[in-house]
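K.L.:
What follows is target-v2.txt; its format and atoms are compact mmCIF, C-alpha atoms.
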# COMPACT_ATOMS: atom_id res chain seq x y z
CA MET A 314 0.00 0.00 0.00
CA TYR A 315 1.40 3.35 -0.98
CA ASN A 316 1.40 5.89 1.84
CA GLY A 317 -0.11 3.25 4.11
CA GLY A 318 0.93 5.01 7.28
CA LYS A 319 -0.73 8.28 6.30
CA ILE A 320 -3.92 6.55 5.15
CA ILE A 321 -4.28 4.51 8.32
CA THR A 322 -3.54 7.54 10.53
CA GLY A 323 -6.12 9.51 8.57
CA LEU A 324 -8.69 6.76 8.96
CA ILE A 325 -8.12 6.57 12.71
CA ILE A 326 -8.55 10.35 13.05
CA PHE A 327 -11.71 10.22 10.94
CA VAL A 328 -13.28 7.39 12.98
CA ALA A 329 -12.35 9.15 16.21
CA LEU A 330 -14.03 12.38 15.08
CA ALA A 331 -17.09 10.67 13.59
CA THR A 332 -17.82 8.71 16.73
CA PHE A 333 -17.06 11.59 19.09
CA PRO A 334 -20.73 12.28 19.97
CA PHE A 335 -21.18 8.67 21.04
CA TYR A 336 -18.25 8.26 23.42
CA ALA A 337 -18.49 11.82 24.69
CA ASN A 338 -22.02 11.16 25.94
CA PHE A 339 -21.51 7.49 26.86
CA GLY A 340 -22.85 6.57 30.27
CA LYS A 341 -24.38 10.01 30.89
CA THR A 342 -28.05 10.37 31.61
CA VAL A 343 -30.12 13.29 30.46
CA GLU A 344 -32.64 14.26 33.05
CA LEU A 345 -36.19 13.71 31.93
CA PRO A 346 -38.34 16.74 32.57
CA SER A 347 -40.70 15.84 35.41
CA GLU A 348 -43.66 16.61 33.17
CA LEU A 349 -42.63 13.78 30.89
CA GLU A 350 -42.35 11.22 33.69
CA ALA A 351 -46.02 11.43 34.49
CA GLU A 352 -48.84 10.18 32.32
CA PRO A 353 -49.60 12.55 29.44
CA ASP A 354 -51.86 15.43 30.43
CA GLU A 355 -54.97 16.36 28.60
CA MET A 356 -54.67 19.67 26.81
CA HIS A 357 -57.36 22.14 27.73
CA LEU A 358 -58.55 25.62 26.84
CA GLY A 359 -60.35 27.12 29.80
CA ASN A 360 -62.82 24.40 30.71
CA ILE A 361 -62.76 22.74 27.31
CA PRO A 362 -61.02 19.36 27.38
CA LEU A 363 -59.01 18.96 24.23
CA VAL A 364 -56.54 16.36 22.95
CA ASN A 365 -53.59 14.51 24.41
CA MET A 366 -51.07 17.24 25.11
CA ARG A 367 -47.87 15.35 24.44
CA SER A 368 -48.70 13.77 21.11
CA GLU A 369 -51.36 16.06 19.66
CA HIS A 370 -50.75 19.69 20.70
CA MET A 371 -48.85 20.56 17.56
CA LYS A 372 -51.59 19.22 15.33
CA LEU A 373 -54.24 21.14 17.24
CA LEU A 374 -52.25 24.39 17.12
CA ASP A 375 -51.85 23.90 13.40
CA GLN A 376 -55.60 23.35 13.04
CA TRP A 377 -56.36 26.44 15.15
CA ARG A 378 -54.03 28.50 13.02
CA ASP A 379 -55.94 27.62 9.86
CA GLU A 380 -59.33 28.07 11.48
CA VAL A 381 -58.46 31.49 12.90
CA VAL A 382 -56.34 32.99 10.14
CA ARG A 383 -58.00 31.55 7.08
CA GLY A 384 -61.46 30.70 8.40
CA GLY A 385 -61.95 33.74 10.63
CA LYS A 386 -63.30 31.49 13.41
CA ARG A 387 -61.40 32.77 16.42
CA PHE A 388 -63.59 31.69 19.30
CA ILE A 389 -64.88 28.40 20.67
CA GLU A 390 -68.08 28.39 22.68
CA TYR A 391 -68.27 25.93 25.52
CA ASP A 392 -70.75 25.76 28.39
CA GLY A 393 -71.91 29.30 27.64
CA ASP A 394 -68.37 30.72 27.72
CA GLU A 395 -66.25 31.89 24.81
CA TYR A 396 -62.58 30.99 24.48
CA GLU A 397 -60.00 32.30 22.05
CA LYS A 398 -58.07 29.75 20.02
CA SER A 399 -54.67 31.27 20.52
CA LEU A 400 -51.18 30.19 21.41
CA GLN A 401 -50.20 33.67 22.55
CA ASN A 402 -53.38 34.70 24.38
CA GLY A 403 -54.74 31.24 25.17
CA CYS A 404 -51.89 28.92 26.23
CA LEU A 405 -49.33 31.55 27.14
CA GLY A 406 -51.99 33.74 28.72
CA CYS A 407 -51.84 31.39 31.74
CA HIS A 408 -48.76 29.19 31.36
CA GLU A 409 -45.21 30.38 31.46
CA LYS A 410 -43.34 29.57 28.26
CA GLN A 411 -40.08 28.45 29.84
CA GLU A 412 -41.79 25.79 31.96
CA PHE A 413 -44.63 24.96 29.65
CA CYS A 414 -42.97 24.80 26.23
CA THR A 415 -39.22 25.25 26.24
CA LYS A 416 -38.39 22.54 28.78
CA CYS A 417 -39.77 19.64 26.76
CA HIS A 418 -38.81 21.13 23.42
CA THR A 419 -35.21 21.30 24.58
CA TYR A 420 -35.33 17.70 25.80
CA ALA A 421 -36.89 16.52 22.54
CA GLY A 422 -34.47 18.60 20.47
CA VAL A 423 -37.18 20.43 18.54
CA LYS A 424 -37.06 24.10 17.67
CA PRO A 425 -40.50 25.22 16.56
CA TYR A 426 -40.55 28.66 14.95
CA CYS A 427 -43.77 29.74 16.66
CA TRP A 428 -41.72 32.10 18.82
CA SER A 429 -40.35 34.15 15.97
CA CYS A 430 -43.69 35.97 16.10
CA HIS A 431 -45.83 34.80 18.99
CA PHE A 432 -44.26 36.10 22.14
CA ALA A 433 -45.36 36.03 25.74
CA GLU A 434 -45.07 38.81 28.29
CA GLY A 435 -41.44 39.67 28.95
CA GLU A 436 -40.05 37.14 26.49
CA GLU A 437 -37.73 38.01 23.66
CA GLY A 438 -35.81 34.83 22.85
CA LEU A 439 -36.54 32.63 19.90
CA LEU A 440 -36.11 29.19 21.46
CA MET B 777 -61.04 5.18 -43.76
CA LYS B 778 -61.18 7.20 -46.94
CA ILE B 779 -62.68 10.69 -46.96
CA ASP B 780 -63.77 12.19 -50.26
CA ARG B 781 -63.67 15.88 -50.96
CA ARG B 782 -67.40 16.35 -50.35
CA LYS B 783 -67.35 14.67 -46.93
CA PHE B 784 -64.24 16.63 -45.89
CA LEU B 785 -65.91 19.97 -46.66
CA LYS B 786 -69.04 18.94 -44.71
CA LEU B 787 -66.97 18.04 -41.64
CA THR B 788 -64.97 21.26 -41.83
CA GLY B 789 -68.14 23.30 -41.99
CA ALA B 790 -69.72 21.49 -39.03
CA THR B 791 -66.58 21.99 -36.93
CA GLY B 792 -66.52 25.68 -37.78
CA ILE B 793 -70.15 26.15 -36.73
CA GLY B 794 -69.49 24.25 -33.49
CA LEU B 795 -66.52 26.45 -32.58
CA GLY B 796 -68.50 29.58 -33.44
CA LEU B 797 -71.36 28.54 -31.14
CA SER B 798 -69.06 27.79 -28.20
CA ALA B 799 -67.39 31.18 -28.64
CA THR B 800 -70.71 33.01 -28.16
CA ASP B 801 -70.42 32.04 -24.49
CA ILE B 802 -68.09 34.98 -24.08
CA PHE B 803 -70.72 37.42 -25.34
CA THR B 804 -73.65 36.01 -23.40
CA LYS B 805 -71.81 35.88 -20.08
CA GLY B 806 -70.71 39.47 -20.53
CA THR B 807 -67.25 39.07 -18.98
CA VAL B 808 -64.22 36.93 -19.40
CA GLU B 809 -61.57 36.24 -16.81
CA ALA B 810 -59.18 38.81 -18.24
CA SER B 811 -61.63 41.72 -18.28
CA SER B 812 -60.74 44.70 -16.14
CA GLY B 813 -63.75 44.18 -13.89
CA HIS B 814 -65.24 47.66 -14.11
CA SER B 815 -68.71 46.23 -14.49
CA ARG B 816 -68.43 43.59 -11.82
CA VAL B 817 -69.51 44.57 -8.34
CA SER B 818 -69.38 42.34 -5.31
CA THR B 819 -72.74 40.75 -4.54
CA ALA B 820 -71.66 39.17 -1.24
CA ALA B 821 -73.83 39.84 1.81
CA THR B 822 -70.98 41.74 3.45
CA ARG B 823 -68.33 43.95 1.94
CA LEU B 824 -66.54 45.91 4.63
CA ALA B 825 -65.58 49.43 3.66
CA MET B 826 -64.32 52.67 5.15
CA VAL B 827 -65.34 56.24 4.48
CA ILE B 828 -62.82 58.93 5.41
CA ASN B 829 -64.34 62.32 6.08
CA ILE B 830 -61.23 64.35 5.47
CA GLY B 831 -62.86 67.59 6.61
CA LYS B 832 -63.06 66.31 10.17
CA LEU B 833 -59.30 65.76 10.38
CA LYS B 834 -58.10 69.25 11.26
CA THR B 835 -54.82 69.20 13.12
CA ASP B 836 -51.63 67.15 12.73
CA ASP B 837 -52.60 65.60 16.02
CA ASP B 838 -55.79 64.17 14.50
CA TYR B 839 -53.72 62.28 11.93
CA GLN B 840 -51.03 61.17 14.34
CA ARG B 841 -53.57 59.84 16.83
CA ILE B 842 -55.02 57.54 14.16
CA ILE B 843 -51.61 56.30 13.05
CA ASP B 844 -50.42 55.74 16.62
CA ALA B 845 -53.58 53.83 17.54
CA CYS B 846 -53.05 51.42 14.65
CA HIS B 847 -49.30 51.03 14.92
CA SER B 848 -49.17 50.54 18.68
CA ILE B 849 -51.92 47.91 18.74
CA HIS B 850 -50.38 45.92 15.90
CA ASN B 851 -46.74 46.13 16.95
CA VAL B 852 -45.77 47.98 13.79
CA PRO B 853 -42.09 48.89 14.10
CA THR B 854 -40.84 52.47 13.78
CA ILE B 855 -37.76 52.34 11.56
CA ASP B 856 -36.04 55.56 10.57
CA ASN B 857 -34.35 54.21 7.47
CA PRO B 858 -36.98 54.77 4.73
CA LYS B 859 -35.72 51.72 2.85
CA HIS B 860 -36.72 49.50 5.77
CA GLU B 861 -39.85 51.40 6.75
CA VAL B 862 -42.95 49.42 7.73
CA LYS B 863 -46.34 51.14 7.68
CA TRP B 864 -49.98 50.13 7.88
CA ILE B 865 -51.52 53.60 7.75
CA TRP B 866 -49.77 56.80 6.73
CA THR B 867 -50.50 60.13 5.07
CA ASP B 868 -49.64 61.78 1.77
CA THR B 869 -50.58 64.82 -0.32
CA TYR B 870 -53.60 65.15 -2.58
CA LYS B 871 -51.44 64.92 -5.68
CA HIS B 872 -49.77 61.71 -4.60
CA SER B 873 -52.97 60.18 -3.26
CA PHE B 874 -55.14 60.86 -6.31
CA PRO B 875 -52.78 61.10 -9.30
CA GLU B 876 -55.65 60.41 -11.74
CA GLN B 877 -57.59 63.52 -10.69
CA ILE B 878 -57.08 65.93 -13.57
CA ASN B 879 -59.56 68.48 -12.25
CA GLU B 880 -57.37 71.17 -10.73
CA TYR B 881 -60.40 73.06 -9.37
CA HIS B 882 -61.60 70.84 -6.59
CA PRO B 883 -62.08 72.88 -3.40
CA GLU B 884 -58.66 74.35 -2.73
CA ALA B 885 -58.79 73.57 0.97
CA PHE B 886 -59.52 69.94 0.11
CA MET B 887 -56.55 69.72 -2.22
CA LYS B 888 -54.27 71.15 0.44
CA LYS B 889 -55.15 68.45 2.96
CA ARG B 890 -53.09 65.42 3.74
CA PHE B 891 -54.87 62.11 3.25
CA PRO B 892 -54.68 59.06 5.50
CA LEU B 893 -53.74 56.12 3.28
CA LEU B 894 -54.09 52.45 4.05
CA CYS B 895 -54.81 49.15 2.35
CA ASN B 896 -57.90 49.66 0.18
CA HIS B 897 -59.15 46.09 0.65
CA CYS B 898 -60.03 46.09 -3.04
CA ASP B 899 -62.95 44.14 -4.42
CA HIS B 900 -60.60 42.98 -7.19
CA PRO B 901 -57.29 42.77 -5.35
CA PRO B 902 -54.26 42.41 -7.61
CA CYS B 903 -52.12 41.32 -4.64
CA VAL B 904 -54.31 38.24 -4.18
CA ARG B 905 -54.01 37.28 -7.83
CA VAL B 906 -50.22 37.33 -7.84
CA CYS B 907 -49.52 35.60 -4.51
CA PRO B 908 -47.88 32.28 -5.39
CA THR B 909 -48.67 30.61 -2.04
CA LYS B 910 -52.18 32.00 -1.50
CA ALA B 911 -50.84 33.64 1.64
CA THR B 912 -52.86 36.71 0.75
CA PHE B 913 -56.50 35.99 0.22
CA LYS B 914 -59.89 37.65 0.23
CA ARG B 915 -62.25 36.81 3.07
CA PRO B 916 -65.99 36.44 2.40
CA ASP B 917 -66.55 39.79 4.15
CA GLY B 918 -64.19 41.55 1.73
CA ILE B 919 -61.14 41.92 3.99
CA ILE B 920 -57.86 41.19 2.23
CA GLN B 921 -56.13 39.05 4.79
CA GLN B 922 -52.57 37.84 4.88
CA ASP B 923 -51.53 34.55 6.40
CA MET B 924 -48.03 35.26 7.73
CA HIS B 925 -47.43 31.54 8.17
CA ARG B 926 -47.61 31.06 4.43
CA CYS B 927 -45.81 34.20 3.27
CA ILE B 928 -42.51 33.36 1.63
CA GLY B 929 -41.45 36.98 1.22
CA CYS B 930 -41.39 37.01 -2.58
CA ARG B 931 -42.86 40.55 -2.63
CA PHE B 932 -44.97 39.94 -5.76
CA CYS B 933 -47.88 41.49 -3.86
CA MET B 934 -45.86 44.64 -3.24
CA ALA B 935 -45.19 44.94 -6.95
CA ALA B 936 -48.86 44.30 -7.73
CA CYS B 937 -50.38 46.72 -5.22
CA PRO B 938 -50.90 50.09 -6.95
CA TYR B 939 -51.30 51.89 -3.62
CA GLY B 940 -48.01 51.06 -1.88
CA SER B 941 -49.98 49.57 0.99
CA ARG B 942 -47.57 46.77 1.70
CA SER B 943 -44.28 46.76 3.57
CA PHE B 944 -41.56 44.16 3.67
CA ASN B 945 -39.67 43.29 6.83
CA TRP B 946 -36.09 43.68 5.68
CA ILE B 947 -34.82 43.52 9.24
CA ASP B 948 -36.06 41.94 12.46
CA PRO B 949 -38.85 44.33 13.49
CA ARG B 950 -38.84 43.47 17.20
CA PRO B 951 -36.15 45.85 18.43
CA HIS B 952 -37.96 48.71 16.66
CA ILE B 953 -41.37 48.25 18.25
CA LYS B 954 -41.97 51.18 20.60
CA GLU B 955 -44.69 49.82 22.87
CA LYS B 956 -45.18 46.11 22.69
CA ASN B 957 -48.72 44.79 22.68
CA THR B 958 -48.29 41.22 23.91
CA GLU B 959 -51.77 40.26 22.72
CA TYR B 960 -50.90 40.72 19.06
CA PRO B 961 -48.04 38.87 17.35
CA PRO B 962 -45.32 40.99 15.74
CA ARG B 963 -44.00 39.82 12.42
CA THR B 964 -40.73 38.17 11.63
CA MET B 965 -38.02 39.19 9.21
CA GLY B 966 -38.84 38.20 5.61
CA VAL B 967 -42.61 38.60 5.46
CA VAL B 968 -44.81 41.29 3.94
CA GLU B 969 -47.39 43.03 6.10
CA LYS B 970 -50.21 45.55 5.75
CA CYS B 971 -53.43 46.87 7.26
CA THR B 972 -55.91 44.12 8.18
CA PHE B 973 -58.99 46.30 8.74
CA CYS B 974 -58.45 45.12 12.34
CA ASN B 975 -60.02 41.74 11.66
CA GLU B 976 -59.05 40.58 15.15
CA ARG B 977 -60.91 43.52 16.70
CA LEU B 978 -63.94 43.04 14.45
CA GLU B 979 -64.15 39.42 15.57
CA ARG B 980 -64.38 40.68 19.16
CA GLY B 981 -67.13 43.10 18.20
CA GLU B 982 -64.90 46.21 18.25
CA GLU B 983 -64.36 48.81 15.54
CA PRO B 984 -61.02 49.15 13.75
CA ALA B 985 -58.48 51.03 15.88
CA CYS B 986 -58.17 53.95 13.46
CA VAL B 987 -61.95 54.39 13.30
CA GLU B 988 -62.28 54.28 17.07
CA SER B 989 -59.59 56.92 17.59
CA SER B 990 -60.74 59.26 14.78
CA ASN B 991 -63.61 61.05 16.59
CA GLY B 992 -65.99 60.22 13.78
CA ALA B 993 -63.77 61.22 10.86
CA LEU B 994 -63.42 57.60 9.78
CA VAL B 995 -66.56 55.52 9.39
CA PHE B 996 -66.59 51.78 8.94
CA GLY B 997 -69.37 49.47 7.80
CA ASN B 998 -70.94 47.13 5.30
CA LEU B 999 -70.98 48.58 1.80
CA ASN B 1000 -73.50 46.00 0.60
CA ASP B 1001 -76.08 46.94 3.24
CA PRO B 1002 -78.12 49.91 1.94
CA GLU B 1003 -78.98 50.90 5.52
CA SER B 1004 -75.39 51.04 6.79
CA GLU B 1005 -73.78 54.30 7.86
CA VAL B 1006 -71.14 54.14 5.13
CA ARG B 1007 -73.84 53.82 2.49
CA LYS B 1008 -75.76 56.74 3.98
CA ILE B 1009 -72.68 58.94 3.75
CA LEU B 1010 -71.94 57.75 0.21
CA ASN B 1011 -75.54 58.53 -0.75
CA THR B 1012 -75.29 62.14 0.39
CA HIS B 1013 -71.66 63.05 -0.39
CA PHE B 1014 -69.33 62.95 -3.35
CA THR B 1015 -66.38 60.68 -2.72
CA LEU B 1016 -63.08 59.85 -4.35
CA ARG B 1017 -61.36 56.50 -4.53
CA ARG B 1018 -57.70 56.04 -5.30
CA LYS B 1019 -56.77 55.18 -8.90
CA PRO B 1020 -60.24 53.99 -9.96
CA SER B 1021 -59.21 53.43 -13.59
CA LEU B 1022 -57.22 50.36 -12.56
CA GLY B 1023 -60.45 48.51 -11.83
CA THR B 1024 -59.35 47.28 -8.41
CA MET B 1025 -62.55 48.65 -6.83
CA PRO B 1026 -61.12 50.01 -3.56
CA SER B 1027 -63.24 49.82 -0.41
CA VAL B 1028 -61.83 53.05 1.06
CA PHE B 1029 -63.67 56.26 0.12
CA TYR B 1030 -62.62 59.89 0.67
CA VAL B 1031 -65.45 62.38 1.16
CA ILE B 1032 -65.10 65.52 -0.94
CA GLY B 1033 -67.23 68.58 -0.20
CA GLY B 1034 -70.00 69.08 2.34
CA GLU B 1035 -67.59 69.68 5.19
CA ASP B 1036 -65.54 72.46 6.58
CA TYR B 1037 -61.95 72.08 5.39
CA ALA B 1038 -60.49 74.87 7.45
CA GLY B 1039 -57.52 74.06 9.58
If you took the structure in this file and wrote it as C-alpha cells, what would it be?
P.N.:
Amino acid sequence: MYNGGKIITGLIIFVALATFPFYANFGKTVELPSELEAEPDEMHLGNIPLVNMRSEHMKLLDQWRDEVVRGGKRFIEYDGDEYEKSLQNGCLGCHEKQEFCTKCHTYAGVKPYCWSCHFAEGEEGLL
Amino acid sequence: MKIDRRKFLKLTGATGIGLGLSATDIFTKGTVEASSGHSRVSTAATRLAMVINIGKLKTDDDYQRIIDACHSIHNVPTIDNPKHEVKWIWTDTYKHSFPEQINEYHPEAFMKKRFPLLCNHCDHPPCVRVCPTKATFKRPDGIIQQDMHRCIGCRFCMAACPYGSRSFNWIDPRPHIKEKNTEYPPRTMGVVEKCTFCNERLERGEEPACVESSNGALVFGNLNDPESEVRKILNTHFTLRRKPSLGTMPSVFYVIGGEDYAG
C-alpha cells in the first residue's frame, strides 16, 4: 500500500471524530423533565377538554391556526363561555413559556418557529 | 377510412359552426376572466368598507392619533431608514394620493389636505391574484387578509399593489417596536405586512383602531347593506377613490365637499 501510514492515521482520526458524539455522551443520563415522567396530560382551553397534550398539541395548534387565520373562526363556545383559540393569548396567557414549552422542546431537540412571532409577556428569545 | 372531398368539406363546416357557437359564451356571459372588472360589483352579503371624512381631520394631532392607535396595537415597528420602513396607515398629499384627478379646481382647501392612506381592501385585489402561495386571500366579508405563516417573502404582492400599501420586513422588526402589545403577534423578518382592517378587533365586536380613535372622521361598515352608515354617507356626499381606472374597486372612500376644510 502506498502511503499506508498516512492513510491509516487519517482513517483513525476520521473514525475518532465521527464517533465523538457517542463516546463523549456514553454513560451520561439526560434528566427527563418531570412533566414527561407522568402520564400525558390532557390539553385544555379554559374548561374545554381537548386532545392529548404530548402527542397532539402541535396538530391542534396547526388546526387552530388555519381556522383562525384563514377561516376567521377565532372563538370556541363551551358551556356558555367563549374561548379564544390562541397560542399567545390562550396557552401563554396562563402558562409560562419556559416551563410549559421550552423545557420539553429542549429535551426533545425540537425548535419550533412559533416564537419568531408569537411572544409572551417579557419574552424576547426565539427558542 | 377514406374521406372524399365532399365529406371533408361537410366536416370542416360542421366543426366551424361548433366552434362559433361555443365562442358566443363569451358574449352572453358578458365578462371573461381577463376583463378589467369595471362592471363587476361584489354581490356578497358583506363587503366591509371605510369612508374617510377628510374635513373632520383638522390638526396634525388628528392624523397622528389615528396612526399611533393602529401602529401601537399591531406592533408595527418604527424604523427611521426609509428603505426598511414598515407602515400600515400613513399620510400623503392630494397629488400623490389621487394622481388620476385631472380636475385642478376641486375645493382648494380639500386639495391642500393630507390624506390618511391604508390598504384599500379592493374588491378585485391584484395582490391576491399574484400571490404564489395563496398567503394573501380575500375573506368572504371583503377583507384582504394575509396569512403570515404562508408568506414566503417574494414581494410579488408589493409589486402588484398600486397603492403602496404593503411593507416588507427587511430587518427583524422586534427591536424597533416602541410599545409592545403582547396580545398581538409581531411579524418576523422576511414577510410582507399591511393593514388588516383590524379583523381581530372586528371578531371581538370592536371597531377598527383607526376608526375608534378618529372622533368620527373615519366611518366603517358594510358597503352591501343599503342601511349602513357608510352607504348613507356615500348617498349624500361625493367621494373619491384612489386610482379607480385600474379597476381594483377600492373599499376606502374619501369624502369631498360638504364639510368644513379649514384648519
K.L.:
When you draw a straight line from CA of Ile865 (chain B) to CA of Leu1010 (chain B), how long is it in Å?
P.N.:
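We find that CA of Ile865 (chain B) and CA of Leu1010 (chain B) lie 22.2 Å from each other.
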K.L.:
For the contact check between region 386-434 of chain A and region 336-351 of chain A, emit one row per residue of region 386-434 of chain A within 9 Å, containing the shortest atom pair and the distance in Å rounded to one decimal, counting all atoms listed in the file, chain then rising number order, as CSV.
P.N.:
residue,atom,partner,partner_atom,distance
A:Lys416,CA,A:Pro346,CA,6.9
A:Cys417,CA,A:Pro346,CA,6.6
A:Tyr420,CA,A:Leu345,CA,7.4
K.L.:
Quick one: residues within 10 Å of Val904 (chain B), only C-alpha atoms counted, chain neighbours fewer than 5 positions away excluded, as number ranges by chain?
P.N.:
B: 898, 909-914, 920-922, 932-933, 936-937
K.L.:
In Å to one decimal, how far is CA of Ile849 (chain B) from CA of Arg942 (chain B)?
P.N.:
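Rounded to one decimal, the two atoms are 17.6 Å apart.
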K.L.:
Using all atoms listed in the file, what table do you get, as a tab-separated table, when you list each residue of chain A with an atom no more than 10 Å from chain B, its nearest pair of atoms, and their distance in Å rounded to one decimal, rows by chain then rising number?
P.N.:
residue	atom	partner	partner_atom	distance
A:Arg378	CA	B:His925	CA	8.7
A:Asp379	CA	B:Asp923	CA	8.9
A:Val381	CA	B:Glu976	CA	9.4
A:Val382	CA	B:Asp923	CA	6.3
A:Arg383	CA	B:Asp923	CA	7.2
A:Gly384	CA	B:Arg915	CA	8.1
A:Gly385	CA	B:Glu979	CA	7.8
A:Lys386	CA	B:Glu979	CA	8.3
A:Arg387	CA	B:Glu979	CA	7.2
A:Phe388	CA	B:Glu979	CA	8.6
A:Glu397	CA	B:Arg980	CA	9.9
A:Ser399	CA	B:Glu959	CA	9.7
A:Gln401	CA	B:Glu959	CA	6.8
A:Asn402	CA	B:Glu959	CA	6.0
A:Gly403	CA	B:Glu959	CA	9.8
A:Gly406	CA	B:Glu959	CA	8.9
A:Cys427	CA	B:His925	CA	9.4
A:Trp428	CA	B:Pro961	CA	9.4
A:Ser429	CA	B:Thr964	CA	5.9
A:Cys430	CA	B:Pro962	CA	5.3
A:His431	CA	B:Pro961	CA	4.9
A:Phe432	CA	B:Pro961	CA	6.7
A:Ala433	CA	B:Thr958	CA	6.2
A:Glu434	CA	B:Thr958	CA	5.9
A:Gly435	CA	B:Thr958	CA	8.6
A:Glu436	CA	B:Thr958	CA	9.5
A:Glu437	CA	B:Arg950	CA	8.5
K.L.:
Enclose all atoms of region 943-956 of chain B listed in the file in an axis-aligned box, grow every side by 5 Å, and hand back centre and edge lengths in Å to one decimal, as AutoDock Vina command-line options.
P.N.:
--center_x -40.0 --center_y 46.6 --center_z 13.2 --size_x 20.4 --size_y 19.2 --size_z 29.3
K.L.:
Distance CA of Gly929 (chain B)-CA of Arg1018 (chain B), one decimal place?
P.N.:
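Calculated distance between CA of Gly929 (chain B) and CA of Arg1018 (chain B) is 25.9 Å.
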K.L.:
What lies within 12 Å of region 875-879 of chain B using all atoms listed in the file, ignoring chain neighbours under 6 positions off, as a list of chain:residue names?
P.N.:
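My reading of the contact set: B:Asp868, B:Thr869, B:Met887, B:Pro938, B:Tyr939, B:Leu1016, B:Arg1017, B:Arg1018, B:Lys1019, B:Pro1020, B:Ser1021, B:Leu1022.
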K.L.:
With all atoms listed in the file as the counted atoms, please give the residues lying no more than 12 Å from Pro362 (chain A), apart from itself and same-chain residues fewer than 5 positions off, as a list in words.
P.N.:
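Listing them by chain and then by number gives Asp354, Glu355, Met356, His357, Ile389, Tyr391 and Asp392 of chain A.
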K.L.:
Measuring atom to atom with only C-alpha atoms, identify which of A:Gly359, A:Gly317, A:Thr322, A:Arg367 is nearest to His418 (chain A).
P.N.:
A:Arg367
K.L.:
List the residues sitting within 12 Å of (-74.6, 39.4, 3.3) in the file's frame, using only C-alpha atoms, as a VMD selection string.
P.N.:
chain B and resid 818 to 824 916 to 918 998 to 1002
K.L.:
Excluding Gly992 (chain B) and residues on its chain fewer than 2 positions from it, collect all residues at most 12 Å away from it, counting only C-alpha atoms, and give them as a PDB file with C-alpha atoms, in the coordinates of the input.
P.N.:
ATOM      1  CA  MET B 826     -64.320  52.670   5.150  1.00  0.00           C
ATOM      2  CA  VAL B 827     -65.340  56.240   4.480  1.00  0.00           C
ATOM      3  CA  ILE B 828     -62.820  58.930   5.410  1.00  0.00           C
ATOM      4  CA  ASN B 829     -64.340  62.320   6.080  1.00  0.00           C
ATOM      5  CA  ILE B 830     -61.230  64.350   5.470  1.00  0.00           C
ATOM      6  CA  GLY B 831     -62.860  67.590   6.610  1.00  0.00           C
ATOM      7  CA  LYS B 832     -63.060  66.310  10.170  1.00  0.00           C
ATOM      8  CA  LEU B 833     -59.300  65.760  10.380  1.00  0.00           C
ATOM      9  CA  ASP B 838     -55.790  64.170  14.500  1.00  0.00           C
ATOM     10  CA  ILE B 842     -55.020  57.540  14.160  1.00  0.00           C
ATOM     11  CA  GLU B 983     -64.360  48.810  15.540  1.00  0.00           C
ATOM     12  CA  CYS B 986     -58.170  53.950  13.460  1.00  0.00           C
ATOM     13  CA  VAL B 987     -61.950  54.390  13.300  1.00  0.00           C
ATOM     14  CA  GLU B 988     -62.280  54.280  17.070  1.00  0.00           C
ATOM     15  CA  SER B 989     -59.590  56.920  17.590  1.00  0.00           C
ATOM     16  CA  SER B 990     -60.740  59.260  14.780  1.00  0.00           C
ATOM     17  CA  LEU B 994     -63.420  57.600   9.780  1.00  0.00           C
ATOM     18  CA  VAL B 995     -66.560  55.520   9.390  1.00  0.00           C
ATOM     19  CA  PHE B 996     -66.590  51.780   8.940  1.00  0.00           C
ATOM     20  CA  GLU B1005     -73.780  54.300   7.860  1.00  0.00           C
ATOM     21  CA  VAL B1006     -71.140  54.140   5.130  1.00  0.00           C
TER      22      VAL B1006
END
K.L.:
Would you kindly place N, CA and C atoms on region 341-351 of chain A and return the model as a tab-separated table (two decimals), in the coordinates of the input?
P.N.:
chain	number	residue	atom	x	y	z
A	341	LYS	N	-23.70	8.87	30.26
A	341	LYS	CA	-24.38	10.01	30.89
A	341	LYS	C	-25.89	9.84	30.78
A	342	THR	N	-26.60	10.38	31.74
A	342	THR	CA	-28.05	10.37	31.61
A	342	THR	C	-28.54	11.80	31.47
A	343	VAL	N	-29.50	11.98	30.60
A	343	VAL	CA	-30.12	13.29	30.46
A	343	VAL	C	-31.39	13.28	31.29
A	344	GLU	N	-31.51	14.28	32.14
A	344	GLU	CA	-32.64	14.26	33.05
A	344	GLU	C	-33.96	14.49	32.30
A	345	LEU	N	-34.87	13.60	32.55
A	345	LEU	CA	-36.19	13.71	31.93
A	345	LEU	C	-36.97	14.80	32.64
A	346	PRO	N	-37.52	15.74	31.89
A	346	PRO	CA	-38.34	16.74	32.57
A	346	PRO	C	-39.47	16.05	33.32
A	347	SER	N	-39.74	16.53	34.54
A	347	SER	CA	-40.70	15.84	35.41
A	347	SER	C	-42.05	15.70	34.73
A	348	GLU	N	-42.37	16.68	33.85
A	348	GLU	CA	-43.66	16.61	33.17
A	348	GLU	C	-43.76	15.36	32.29
A	349	LEU	N	-42.60	14.91	31.80
A	349	LEU	CA	-42.63	13.78	30.89
A	349	LEU	C	-42.64	12.44	31.63
A	350	GLU	N	-42.34	12.47	32.94
A	350	GLU	CA	-42.35	11.22	33.69
A	350	GLU	C	-43.78	10.78	33.96
A	351	ALA	N	-44.64	11.76	34.16
A	351	ALA	CA	-46.02	11.43	34.49
A	351	ALA	C	-46.77	11.00	33.24
